[in-house]
file upload_10.pdb (PDB, C-alpha atoms)
ATOM      1  CA  MET A   1      71.611  13.634  22.052
ATOM      2  CA  SER A   2      73.849  12.896  24.994
ATOM      3  CA  ARG A   3      76.043  15.600  26.470
ATOM      4  CA  PRO A   4      79.585  14.915  27.714
ATOM      5  CA  ASP A   5      79.899  14.722  31.510
ATOM      6  CA  ILE A   6      82.376  17.379  32.614
ATOM      7  CA  ALA A   7      83.369  15.310  35.664
ATOM      8  CA  THR A   8      84.800  12.608  33.404
ATOM      9  CA  LEU A   9      86.931  14.953  31.282
ATOM     10  CA  SER A  10      90.658  15.550  31.717
ATOM     11  CA  VAL A  11      93.134  17.822  29.994
ATOM     12  CA  GLY A  12      94.650  15.980  27.049
ATOM     13  CA  ASP A  13      91.566  13.850  26.278
ATOM     14  CA  VAL A  14      90.941  13.623  22.545
ATOM     15  CA  ILE A  15      87.271  14.400  21.865
ATOM     16  CA  GLY A  16      87.465  13.183  18.275
ATOM     17  CA  SER A  17      88.779  13.879  14.824
ATOM     18  CA  ARG A  18      87.430  14.302  11.326
ATOM     19  CA  THR A  19      88.400  15.182   7.788
ATOM     20  CA  VAL A  20      86.741  18.132   6.080
ATOM     21  CA  THR A  21      86.980  18.443   2.289
ATOM     22  CA  PHE A  22      86.672  21.546   0.119
ATOM     23  CA  ASP A  23      86.265  21.641  -3.629
ATOM     24  CA  ARG A  24      85.673  24.726  -5.748
ATOM     25  CA  ALA A  25      81.904  24.313  -5.457
ATOM     26  CA  ALA A  26      82.227  24.477  -1.653
ATOM     27  CA  LEU A  27      84.027  27.816  -1.973
ATOM     28  CA  VAL A  28      81.368  29.226  -4.268
ATOM     29  CA  ARG A  29      78.642  27.989  -1.916
ATOM     30  CA  TYR A  30      80.337  29.635   1.068
ATOM     31  CA  ALA A  31      80.897  32.862  -0.888
ATOM     32  CA  GLY A  32      77.173  33.021  -1.581
ATOM     33  CA  ALA A  33      76.053  32.031   1.907
ATOM     34  CA  SER A  34      78.425  34.410   3.693
ATOM     35  CA  GLY A  35      78.377  37.323   1.258
ATOM     36  CA  ASP A  36      82.203  37.269   1.056
ATOM     37  CA  LEU A  37      82.718  37.635  -2.694
ATOM     38  CA  ASN A  38      86.467  38.315  -2.636
ATOM     39  CA  PRO A  39      87.684  36.883  -6.012
ATOM     40  CA  ILE A  40      90.776  35.262  -4.428
ATOM     41  CA  HIS A  41      88.304  32.519  -3.436
ATOM     42  CA  TRP A  42      86.990  31.750  -6.938
ATOM     43  CA  ASN A  43      89.125  33.423  -9.636
ATOM     44  CA  ASP A  44      92.559  31.861 -10.321
ATOM     45  CA  LYS A  45      93.762  34.762 -12.409
ATOM     46  CA  PHE A  46      92.863  37.234  -9.687
ATOM     47  CA  ALA A  47      94.370  35.040  -6.935
ATOM     48  CA  LYS A  48      97.680  34.807  -8.820
ATOM     49  CA  SER A  49      97.750  38.552  -9.428
ATOM     50  CA  ALA A  50      97.362  38.965  -5.655
ATOM     51  CA  GLY A  51     100.506  36.877  -5.159
ATOM     52  CA  LEU A  52      98.794  33.612  -4.207
ATOM     53  CA  PRO A  53      99.570  30.220  -5.805
ATOM     54  CA  GLY A  54      95.920  29.959  -6.869
ATOM     55  CA  VAL A  55      92.424  30.070  -5.407
ATOM     56  CA  ILE A  56      92.375  29.649  -1.623
ATOM     57  CA  ALA A  57      89.561  28.786   0.771
ATOM     58  CA  HIS A  58      88.009  31.560   2.852
ATOM     59  CA  GLY A  59      89.708  31.472   6.245
ATOM     60  CA  MET A  60      86.216  31.797   7.680
ATOM     61  CA  LEU A  61      85.088  28.692   5.763
ATOM     62  CA  THR A  62      87.876  26.679   7.367
ATOM     63  CA  MET A  63      87.105  28.158  10.785
ATOM     64  CA  GLY A  64      83.376  27.578  10.313
ATOM     65  CA  SER A  65      83.791  23.993   9.121
ATOM     66  CA  VAL A  66      86.183  22.575  11.707
ATOM     67  CA  VAL A  67      84.077  23.593  14.724
ATOM     68  CA  GLY A  68      81.369  21.081  13.737
ATOM     69  CA  LEU A  69      83.440  18.444  15.507
ATOM     70  CA  VAL A  70      82.990  20.315  18.798
ATOM     71  CA  GLU A  71      79.297  21.126  18.225
ATOM     72  CA  ASP A  72      78.468  17.485  17.603
ATOM     73  CA  TRP A  73      80.530  16.322  20.583
ATOM     74  CA  ALA A  74      78.847  18.894  22.861
ATOM     75  CA  GLY A  75      75.421  17.828  21.558
ATOM     76  CA  ASP A  76      74.291  21.456  21.368
ATOM     77  CA  PRO A  77      75.628  24.108  18.967
ATOM     78  CA  GLY A  78      74.556  26.820  21.411
ATOM     79  CA  ALA A  79      77.062  25.435  23.916
ATOM     80  CA  VAL A  80      79.920  27.110  22.013
ATOM     81  CA  VAL A  81      80.342  30.371  23.936
ATOM     82  CA  ASP A  82      83.710  31.522  22.616
ATOM     83  CA  TYR A  83      85.666  30.519  19.525
ATOM     84  CA  GLN A  84      88.905  31.975  18.245
ATOM     85  CA  THR A  85      91.607  31.215  15.713
ATOM     86  CA  ARG A  86      94.561  32.621  13.799
ATOM     87  CA  PHE A  87      94.858  32.102  10.075
ATOM     88  CA  THR A  88      98.415  30.867   9.711
ATOM     89  CA  LYS A  89      98.543  29.352   6.211
ATOM     90  CA  PRO A  90      96.146  29.621   3.246
ATOM     91  CA  VAL A  91      94.341  26.443   2.152
ATOM     92  CA  GLU A  92      94.830  26.001  -1.595
ATOM     93  CA  VAL A  93      91.902  24.366  -3.350
ATOM     94  CA  PRO A  94      92.842  22.665  -6.640
ATOM     95  CA  ASN A  95      90.696  22.666  -9.779
ATOM     96  CA  PRO A  96      89.632  19.974 -10.279
ATOM     97  CA  GLY A  97      90.124  18.215  -6.971
ATOM     98  CA  THR A  98      89.698  18.700  -3.250
ATOM     99  CA  ALA A  99      91.654  20.005  -0.287
ATOM    100  CA  LEU A 100      91.604  17.703   2.743
ATOM    101  CA  ILE A 101      91.622  19.383   6.138
ATOM    102  CA  GLU A 102      92.406  17.192   9.159
ATOM    103  CA  VAL A 103      90.881  18.250  12.490
ATOM    104  CA  VAL A 104      91.729  16.815  15.921
ATOM    105  CA  GLY A 105      90.078  18.132  19.081
ATOM    106  CA  THR A 106      91.774  17.887  22.481
ATOM    107  CA  VAL A 107      90.608  19.057  25.890
ATOM    108  CA  GLY A 108      92.852  22.011  26.844
ATOM    109  CA  VAL A 109      91.232  23.300  30.028
ATOM    110  CA  VAL A 110      88.492  21.954  32.317
ATOM    111  CA  ASP A 111      86.799  24.470  34.635
ATOM    112  CA  ALA A 112      84.320  22.404  36.634
ATOM    113  CA  GLU A 113      83.229  25.399  38.711
ATOM    114  CA  ALA A 114      82.292  27.470  35.655
ATOM    115  CA  GLY A 115      80.989  24.379  33.876
ATOM    116  CA  THR A 116      83.166  25.069  30.851
ATOM    117  CA  VAL A 117      85.696  23.129  28.844
ATOM    118  CA  ARG A 118      88.185  24.564  26.370
ATOM    119  CA  VAL A 119      88.695  22.334  23.366
ATOM    120  CA  ASP A 120      91.815  23.018  21.296
ATOM    121  CA  LEU A 121      91.639  22.131  17.629
ATOM    122  CA  ALA A 122      94.663  21.067  15.591
ATOM    123  CA  VAL A 123      93.862  21.892  11.968
ATOM    124  CA  THR A 124      96.273  20.696   9.272
ATOM    125  CA  VAL A 125      96.565  20.116   5.533
ATOM    126  CA  ASP A 126      99.244  17.589   4.474
ATOM    127  CA  GLY A 127     100.645  17.792   7.997
ATOM    128  CA  ALA A 128     101.074  21.581   7.894
ATOM    129  CA  LYS A 129      99.134  23.706  10.357
ATOM    130  CA  VAL A 130      96.641  26.039   8.603
ATOM    131  CA  LEU A 131      94.964  27.474  11.718
ATOM    132  CA  GLY A 132      96.819  28.409  14.889
ATOM    133  CA  ARG A 133      95.665  28.754  18.490
ATOM    134  CA  THR A 134      92.201  27.426  17.663
ATOM    135  CA  GLN A 135      90.293  27.404  20.920
ATOM    136  CA  VAL A 136      86.640  26.596  21.474
ATOM    137  CA  LEU A 137      85.099  27.329  24.854
ATOM    138  CA  VAL A 138      82.105  25.067  25.499
ATOM    139  CA  ARG A 139      79.576  25.314  28.315
ATOM    140  CA  LEU A 140      78.492  21.834  29.363
TER     141      LEU A 140
ATOM    142  CA  MET B   1      98.983  52.133   4.569
ATOM    143  CA  ALA B   2      95.732  52.060   6.507
ATOM    144  CA  ASN B   3      94.746  55.488   7.796
ATOM    145  CA  ALA B   4      95.670  55.593  11.508
ATOM    146  CA  ASP B   5      93.163  58.398  12.117
ATOM    147  CA  PHE B   6      90.406  55.762  12.154
ATOM    148  CA  GLU B   7      91.704  54.120  15.331
ATOM    149  CA  GLY B   8      89.175  54.542  18.122
ATOM    150  CA  ARG B   9      86.325  55.350  15.781
ATOM    151  CA  VAL B  10      82.871  54.016  16.747
ATOM    152  CA  TYR B  11      80.046  53.772  14.208
ATOM    153  CA  PRO B  12      76.426  54.131  15.267
ATOM    154  CA  ALA B  13      74.208  51.008  15.415
ATOM    155  CA  ASP B  14      73.402  49.989  11.843
ATOM    156  CA  ALA B  15      70.187  48.993  10.079
ATOM    157  CA  PRO B  16      68.773  45.736  11.486
ATOM    158  CA  TYR B  17      69.754  42.352  10.028
ATOM    159  CA  SER B  18      66.840  39.888  10.108
ATOM    160  CA  VAL B  19      68.004  36.346  10.807
ATOM    161  CA  GLY B  20      65.938  34.000   8.648
ATOM    162  CA  ARG B  21      65.502  30.237   9.007
ATOM    163  CA  GLU B  22      66.520  29.552   5.429
ATOM    164  CA  LYS B  23      69.632  31.727   5.833
ATOM    165  CA  ILE B  24      70.644  29.682   8.861
ATOM    166  CA  ARG B  25      70.072  26.441   6.934
ATOM    167  CA  GLU B  26      71.988  27.780   3.914
ATOM    168  CA  PHE B  27      74.940  28.901   6.032
ATOM    169  CA  ALA B  28      74.939  25.611   7.965
ATOM    170  CA  VAL B  29      75.089  23.646   4.694
ATOM    171  CA  ALA B  30      77.921  25.882   3.451
ATOM    172  CA  VAL B  31      80.075  25.122   6.521
ATOM    173  CA  GLY B  32      78.984  21.479   6.728
ATOM    174  CA  ALA B  33      77.240  21.985  10.087
ATOM    175  CA  LYS B  34      74.992  18.946  10.351
ATOM    176  CA  HIS B  35      73.682  19.330  13.888
ATOM    177  CA  PRO B  36      69.861  19.101  13.632
ATOM    178  CA  ALA B  37      69.361  22.278  15.718
ATOM    179  CA  HIS B  38      70.511  24.242  12.635
ATOM    180  CA  HIS B  39      68.006  22.536  10.363
ATOM    181  CA  GLU B  40      64.949  21.249  12.234
ATOM    182  CA  LEU B  41      62.689  23.345  14.401
ATOM    183  CA  VAL B  42      61.767  20.360  16.578
ATOM    184  CA  ALA B  43      65.433  19.695  17.358
ATOM    185  CA  ALA B  44      66.149  23.345  18.186
ATOM    186  CA  ARG B  45      63.087  23.606  20.437
ATOM    187  CA  GLY B  46      64.013  20.291  22.052
ATOM    188  CA  LEU B  47      67.230  21.968  23.238
ATOM    189  CA  GLY B  48      65.227  24.882  24.631
ATOM    190  CA  TYR B  49      65.756  27.409  21.836
ATOM    191  CA  PRO B  50      62.848  29.404  20.411
ATOM    192  CA  ASP B  51      63.895  28.739  16.791
ATOM    193  CA  LEU B  52      66.711  27.381  14.591
ATOM    194  CA  VAL B  53      70.159  27.981  16.077
ATOM    195  CA  ALA B  54      72.819  29.667  13.935
ATOM    196  CA  PRO B  55      76.232  27.956  13.627
ATOM    197  CA  PRO B  56      79.001  29.391  15.871
ATOM    198  CA  THR B  57      80.553  31.485  13.065
ATOM    199  CA  PHE B  58      77.286  32.752  11.554
ATOM    200  CA  ALA B  59      77.833  36.138  13.217
ATOM    201  CA  VAL B  60      80.521  36.789  10.582
ATOM    202  CA  VAL B  61      77.750  37.431   8.061
ATOM    203  CA  VAL B  62      76.398  40.203  10.240
ATOM    204  CA  ALA B  63      79.856  41.472  11.193
ATOM    205  CA  GLN B  64      81.262  41.668   7.652
ATOM    206  CA  ARG B  65      78.235  43.636   6.534
ATOM    207  CA  THR B  66      78.872  46.115   9.340
ATOM    208  CA  GLU B  67      82.660  46.198   8.857
ATOM    209  CA  SER B  68      82.216  47.280   5.233
ATOM    210  CA  GLN B  69      81.197  50.734   6.520
ATOM    211  CA  TYR B  70      84.840  51.093   7.505
ATOM    212  CA  ILE B  71      86.728  48.737   5.145
ATOM    213  CA  SER B  72      85.204  50.187   1.982
ATOM    214  CA  ASP B  73      85.530  53.821   3.052
ATOM    215  CA  PRO B  74      88.132  55.287   0.631
ATOM    216  CA  GLU B  75      89.386  57.504   3.477
ATOM    217  CA  ALA B  76      90.349  54.390   5.460
ATOM    218  CA  ASP B  77      92.899  53.500   2.754
ATOM    219  CA  ILE B  78      92.383  49.742   2.858
ATOM    220  CA  ASP B  79      93.157  48.024  -0.463
ATOM    221  CA  PHE B  80      90.900  44.990  -0.244
ATOM    222  CA  SER B  81      92.875  43.075  -2.880
ATOM    223  CA  ARG B  82      95.844  43.165  -0.487
ATOM    224  CA  VAL B  83      93.958  42.094   2.606
ATOM    225  CA  VAL B  84      94.690  38.842   4.432
ATOM    226  CA  HIS B  85      92.568  37.733   7.366
ATOM    227  CA  ALA B  86      94.876  37.392  10.385
ATOM    228  CA  ASP B  87      92.616  36.282  13.218
ATOM    229  CA  GLU B  88      89.001  36.068  14.316
ATOM    230  CA  ARG B  89      87.183  35.619  17.586
ATOM    231  CA  PHE B  90      83.503  35.104  18.423
ATOM    232  CA  THR B  91      82.103  35.497  21.898
ATOM    233  CA  HIS B  92      78.466  34.481  22.253
ATOM    234  CA  HIS B  93      76.503  35.872  25.157
ATOM    235  CA  ARG B  94      73.655  33.759  23.821
ATOM    236  CA  PRO B  95      73.276  31.862  20.525
ATOM    237  CA  ILE B  96      71.846  33.712  17.525
ATOM    238  CA  VAL B  97      68.477  32.215  16.555
ATOM    239  CA  ALA B  98      66.116  32.630  13.622
ATOM    240  CA  GLY B  99      63.807  35.577  14.158
ATOM    241  CA  ASP B 100      66.483  37.749  15.727
ATOM    242  CA  GLU B 101      66.638  41.335  14.503
ATOM    243  CA  LEU B 102      70.290  42.231  14.976
ATOM    244  CA  THR B 103      71.897  45.630  15.032
ATOM    245  CA  THR B 104      75.640  46.110  15.312
ATOM    246  CA  VAL B 105      77.914  48.771  16.715
ATOM    247  CA  LEU B 106      81.309  48.792  15.003
ATOM    248  CA  HIS B 107      84.470  49.776  16.844
ATOM    249  CA  VAL B 108      87.826  50.282  15.114
ATOM    250  CA  ASP B 109      90.052  49.226  18.003
ATOM    251  CA  ARG B 110      93.486  49.278  16.386
ATOM    252  CA  VAL B 111      95.189  50.551  13.236
ATOM    253  CA  VAL B 112      98.937  49.908  13.298
ATOM    254  CA  SER B 113     101.439  50.039  10.435
ATOM    255  CA  ARG B 114     104.894  48.493  10.652
ATOM    256  CA  GLY B 115     107.112  48.480   7.609
ATOM    257  CA  MET B 116     104.913  47.594   4.656
ATOM    258  CA  ILE B 117     102.172  45.873   6.672
ATOM    259  CA  SER B 118      99.147  47.452   8.323
ATOM    260  CA  MET B 119      97.174  45.566  10.969
ATOM    261  CA  VAL B 120      93.587  46.599  11.564
ATOM    262  CA  THR B 121      91.425  45.244  14.383
ATOM    263  CA  THR B 122      87.674  45.770  14.385
ATOM    264  CA  ARG B 123      85.142  44.782  17.030
ATOM    265  CA  CYS B 124      81.455  44.279  16.284
ATOM    266  CA  GLU B 125      79.091  44.394  19.249
ATOM    267  CA  ILE B 126      75.905  42.680  18.101
ATOM    268  CA  TYR B 127      72.573  43.315  19.813
ATOM    269  CA  ALA B 128      69.151  41.736  19.387
ATOM    270  CA  MET B 129      66.522  44.434  19.132
ATOM    271  CA  PRO B 130      63.427  44.046  21.314
ATOM    272  CA  GLN B 131      60.690  42.075  19.513
ATOM    273  CA  GLN B 132      57.963  44.513  20.410
ATOM    274  CA  VAL B 133      58.758  47.964  21.599
ATOM    275  CA  GLU B 134      56.146  49.119  24.046
ATOM    276  CA  VAL B 135      56.755  52.539  25.469
ATOM    277  CA  PRO B 136      60.457  53.267  24.835
ATOM    278  CA  SER B 137      62.125  53.577  28.185
ATOM    279  CA  PRO B 138      64.072  56.826  28.527
ATOM    280  CA  GLU B 139      66.950  55.072  30.304
ATOM    281  CA  ALA B 140      67.359  52.500  27.496
ATOM    282  CA  GLU B 141      70.897  53.335  26.398
ATOM    283  CA  SER B 142      71.696  50.047  24.707
ATOM    284  CA  PRO B 143      70.252  49.049  21.327
ATOM    285  CA  GLY B 144      68.987  45.777  22.848
ATOM    286  CA  GLU B 145      70.123  42.479  24.343
ATOM    287  CA  HIS B 146      73.854  41.922  23.878
ATOM    288  CA  VAL B 147      74.139  38.756  21.798
ATOM    289  CA  ALA B 148      77.683  38.495  20.467
ATOM    290  CA  THR B 149      81.071  40.133  20.088
ATOM    291  CA  VAL B 150      83.124  39.563  16.932
ATOM    292  CA  VAL B 151      86.775  40.671  16.873
ATOM    293  CA  SER B 152      88.585  40.507  13.569
ATOM    294  CA  THR B 153      92.119  41.433  12.563
ATOM    295  CA  LEU B 154      93.111  42.061   8.968
ATOM    296  CA  ALA B 155      96.643  42.396   7.626
ATOM    297  CA  ILE B 156      97.049  44.692   4.634
ATOM    298  CA  ARG B 157     100.224  44.442   2.580
ATOM    299  CA  GLY B 158     101.637  47.680   1.197
ATOM    300  CA  GLU B 159     102.229  48.149  -2.529
ATOM    301  CA  ASP B 160     105.737  46.672  -2.519
ATOM    302  CA  ALA B 161     105.321  44.028   0.190
TER     303      ALA B 161
END
call {"tool": "encode", "arguments": {"input": "upload_10.pdb", "output": "structure tokens"}}
result
Amino acid sequence: MSRPDIATLSVGDVIGSRTVTFDRAALVRYAGASGDLNPIHWNDKFAKSAGLPGVIAHGMLTMGSVVGLVEDWAGDPGAVVDYQTRFTKPVEVPNPGTALIEVVGTVGVVDAEAGTVRVDLAVTVDGAKVLGRTQVLVRL
Amino acid sequence: MANADFEGRVYPADAPYSVGREKIREFAVAVGAKHPAHHELVAARGLGYPDLVAPPTFAVVVAQRTESQYISDPEADIDFSRVVHADERFTHHRPIVAGDELTTVLHVDRVVSRGMISMVTTRCEIYAMPQQVEVPSPEAESPGEHVATVVSTLAIRGEDA
């Protein structure tokens, strides 16, 4: 797999975009794989009693899913040395149906000396930001 | 309100977490991580790793297990049904790979309450334990090779918030 050449990258370059979809099965799968069994991610009654509109995706599922764009672009998942986000808005997942999460990655910082690039991810559902300040530091 | 007395608390290194290949594959499927280094040994070794590479957020599995020592302590006064995840950060000193035996030291860095909201920040320092311990060195202070740091902030709403 080819790796991006840091010398050709500039701040503002779009590295790519993708759409990630979650249905209820995806939430159950993530609950099992991660060990996060909080019922707000699979039980509508419980979610409503906690003041939510309904079942919401794990913030960590959204965070974990959108970074694939950067991994694949970097050509090496081990190249991701730092990754941070803020959970700004819950992602509601209908039943039945799917939530569509739009991800766009843009080069935010290029540090040729350190050999690192910071990719900033814009993560939205229906145009509304669901993650804030999503920054992925990649060593190229 | 979260108990402010816990701020600054450090928990001793916990029981090792063994990173298995199938766990990495399962987690990668769950987050839709399709890069072959998560799934195929040949691909991971081709990139110079000794075994399958965990996805960038895999450390949350290890961290949440460790954080429960604090979060589920009744003395900490954290009502999990009122918890919202506020932010998360992973710093990888090297990628986690299958075969790692990880032990984690939990730090409660911040417990702040304002109005009806408490904010709690934890930091997990994750170490890979040595594969074979020969003669334990007396100056070995650290539980092993520092692999990752996971910082997590939770917001807890009070009863009437």
call {"tool": "resolve_selection", "arguments": {"input": "upload_10.pdb", "expression": "the ChimeraX specification (/A :<9) & /B", "output": "MDAnalysis selection string"}}
result
chainID B and resid 23 26:35 37:38 44 47 49 53:58 60:62 64:65 80:82 84:96
call {"tool": "atom_distance", "arguments": {"input": "upload_10.pdb", "atom1": "CA of Ala148 in chain B", "atom2": "CA of Ile126 in chain B"}}
result
5.1 Å
call {"tool": "atom_distance", "arguments": {"input": "upload_10.pdb", "atom1": "CA of Pro36 in chain B", "atom2": "CA of Val104 in chain A"}}
result
22.1 Å
call {"tool": "residues_around", "arguments": {"input": "upload_10.pdb", "residues": "range 8-20 of chain B", "least_positions_apart": "6", "cutoff": "6 Å", "atoms": "only C-alpha atoms", "output": "ChimeraX atom specification"}}
result
/B:98-109
call {"tool": "closest_residue", "arguments": {"input": "upload_10.pdb", "among": "A:Ala7, A:Val119, A:Ala128, A:Ala114", "to": "Glu102 in chain A", "atoms": "only C-alpha atoms"}}
result
A:Ala128
call {"tool": "closest_residue", "arguments": {"input": "upload_10.pdb", "among": "A:Ile101, A:Ile15, A:Val70, A:Ile6", "to": "Glu113 in chain A", "atoms": "only C-alpha atoms"}}
result
A:Ile6
call {"tool": "residues_around", "arguments": {"input": "upload_10.pdb", "residues": "Asp5 in chain B", "least_positions_apart": "6", "cutoff": "10 Å", "atoms": "all atoms listed in the file", "output": "list in words"}}
result
Glu75, Ala76 and Val111 of chain B
call {"tool": "axis_aligned_box", "arguments": {"input": "upload_10.pdb", "around": "range 118-125 of chain A", "padding_each_side": "4 Å", "output": "AutoDock Vina command-line options"}}
result
--center_x 92.4 --center_y 22.3 --center_z 16.0 --size_x 16.4 --size_y 12.4 --size_z 28.8
call {"tool": "atom_distance", "arguments": {"input": "upload_10.pdb", "atom1": "CA of His41 in chain A", "atom2": "CA of Gly54 in chain A"}}
result
8.7 Å
call {"tool": "resolve_selection", "arguments": {"input": "upload_10.pdb", "expression": "the PyMOL selection byres ((chain B and resi 158) around 8)", "output": "ChimeraX atom specification"}}
result
/B:1,82,116-118,156-157,159-161
call {"tool": "residues_around", "arguments": {"input": "upload_10.pdb", "residues": "Val112 in chain B", "least_positions_apart": "3", "cutoff": "8 Å", "atoms": "all atoms listed in the file", "output": "list in words"}}
result
Ala2, Ala4, Ser118, Met119 and Val120 of chain B
call {"tool": "decode", "arguments": {"input": "upload_10.pdb", "residues": "range 34-42 of chain B", "atoms": "all heavy atoms", "output": "CSV table (one decimal), in the first residue's frame"}}
result
chain,number,residue,atom,x,y,z
B,34,LYS,N,-11.2,-1.7,8.1
B,34,LYS,CA,-10.9,-2.7,7.0
B,34,LYS,C,-9.5,-2.9,6.7
B,34,LYS,O,-9.1,-3.8,5.9
B,34,LYS,CB,-11.8,-2.4,5.8
B,34,LYS,CG,-13.3,-2.5,6.1
B,34,LYS,CD,-14.1,-2.4,4.8
B,34,LYS,CE,-15.5,-2.7,5.1
B,34,LYS,NZ,-16.2,-1.6,5.8
B,35,HIS,N,-8.6,-2.1,7.2
B,35,HIS,CA,-7.2,-2.2,6.9
B,35,HIS,C,-6.7,-3.6,7.1
B,35,HIS,O,-6.9,-4.1,8.2
B,35,HIS,CB,-6.3,-1.2,7.6
B,35,HIS,CG,-5.0,-1.0,7.0
B,35,HIS,ND1,-4.0,-2.0,7.2
B,35,HIS,CD2,-4.4,-0.1,6.2
B,35,HIS,CE1,-2.9,-1.6,6.5
B,35,HIS,NE2,-3.1,-0.5,5.9
B,36,PRO,N,-6.0,-4.2,6.2
B,36,PRO,CA,-5.6,-5.7,6.3
B,36,PRO,C,-4.7,-5.9,7.5
B,36,PRO,O,-4.7,-7.0,8.0
B,36,PRO,CB,-4.9,-6.0,5.0
B,36,PRO,CG,-4.9,-4.8,4.2
B,36,PRO,CD,-5.7,-3.7,4.8
B,37,ALA,N,-4.0,-4.9,8.0
B,37,ALA,CA,-3.1,-5.1,9.2
B,37,ALA,C,-3.9,-5.5,10.4
B,37,ALA,O,-3.3,-6.0,11.4
B,37,ALA,CB,-2.2,-3.9,9.4
B,38,HIS,N,-5.2,-5.2,10.5
B,38,HIS,CA,-6.0,-5.6,11.6
B,38,HIS,C,-6.5,-7.1,11.5
B,38,HIS,O,-7.0,-7.7,12.4
B,38,HIS,CB,-7.3,-4.8,11.7
B,38,HIS,CG,-7.1,-3.3,11.8
B,38,HIS,ND1,-6.2,-2.8,12.7
B,38,HIS,CD2,-7.6,-2.3,11.1
B,38,HIS,CE1,-6.2,-1.4,12.6
B,38,HIS,NE2,-7.0,-1.1,11.6
B,39,HIS,N,-6.4,-7.6,10.3
B,39,HIS,CA,-7.1,-8.9,10.0
B,39,HIS,C,-6.1,-10.0,9.5
B,39,HIS,O,-6.4,-11.2,9.8
B,39,HIS,CB,-8.1,-8.7,8.9
B,39,HIS,CG,-9.2,-7.7,9.3
B,39,HIS,ND1,-10.2,-8.0,10.1
B,39,HIS,CD2,-9.3,-6.3,9.0
B,39,HIS,CE1,-11.0,-6.9,10.3
B,39,HIS,NE2,-10.4,-5.9,9.7
B,40,GLU,N,-5.1,-9.6,8.8
B,40,GLU,CA,-4.2,-10.7,8.2
B,40,GLU,C,-2.8,-10.5,8.7
B,40,GLU,O,-2.2,-9.4,8.6
B,40,GLU,CB,-4.2,-10.5,6.7
B,40,GLU,CG,-5.5,-10.7,6.0
B,40,GLU,CD,-5.6,-10.1,4.6
B,40,GLU,OE1,-4.5,-9.9,4.0
B,40,GLU,OE2,-6.7,-9.7,4.2
B,41,LEU,N,-2.3,-11.6,9.2
B,41,LEU,CA,-0.9,-11.6,9.8
B,41,LEU,C,0.1,-11.2,8.8
B,41,LEU,O,1.0,-10.4,9.1
B,41,LEU,CB,-0.7,-13.1,10.3
B,41,LEU,CG,0.3,-13.2,11.4
B,41,LEU,CD1,0.0,-12.3,12.6
B,41,LEU,CD2,0.2,-14.7,11.9
B,42,VAL,N,-0.1,-11.7,7.5
B,42,VAL,CA,0.9,-11.4,6.5
B,42,VAL,C,1.0,-9.8,6.3
B,42,VAL,O,2.1,-9.3,6.1
B,42,VAL,CB,0.6,-12.1,5.2
B,42,VAL,CG1,1.4,-11.6,4.0
B,42,VAL,CG2,0.7,-13.6,5.4
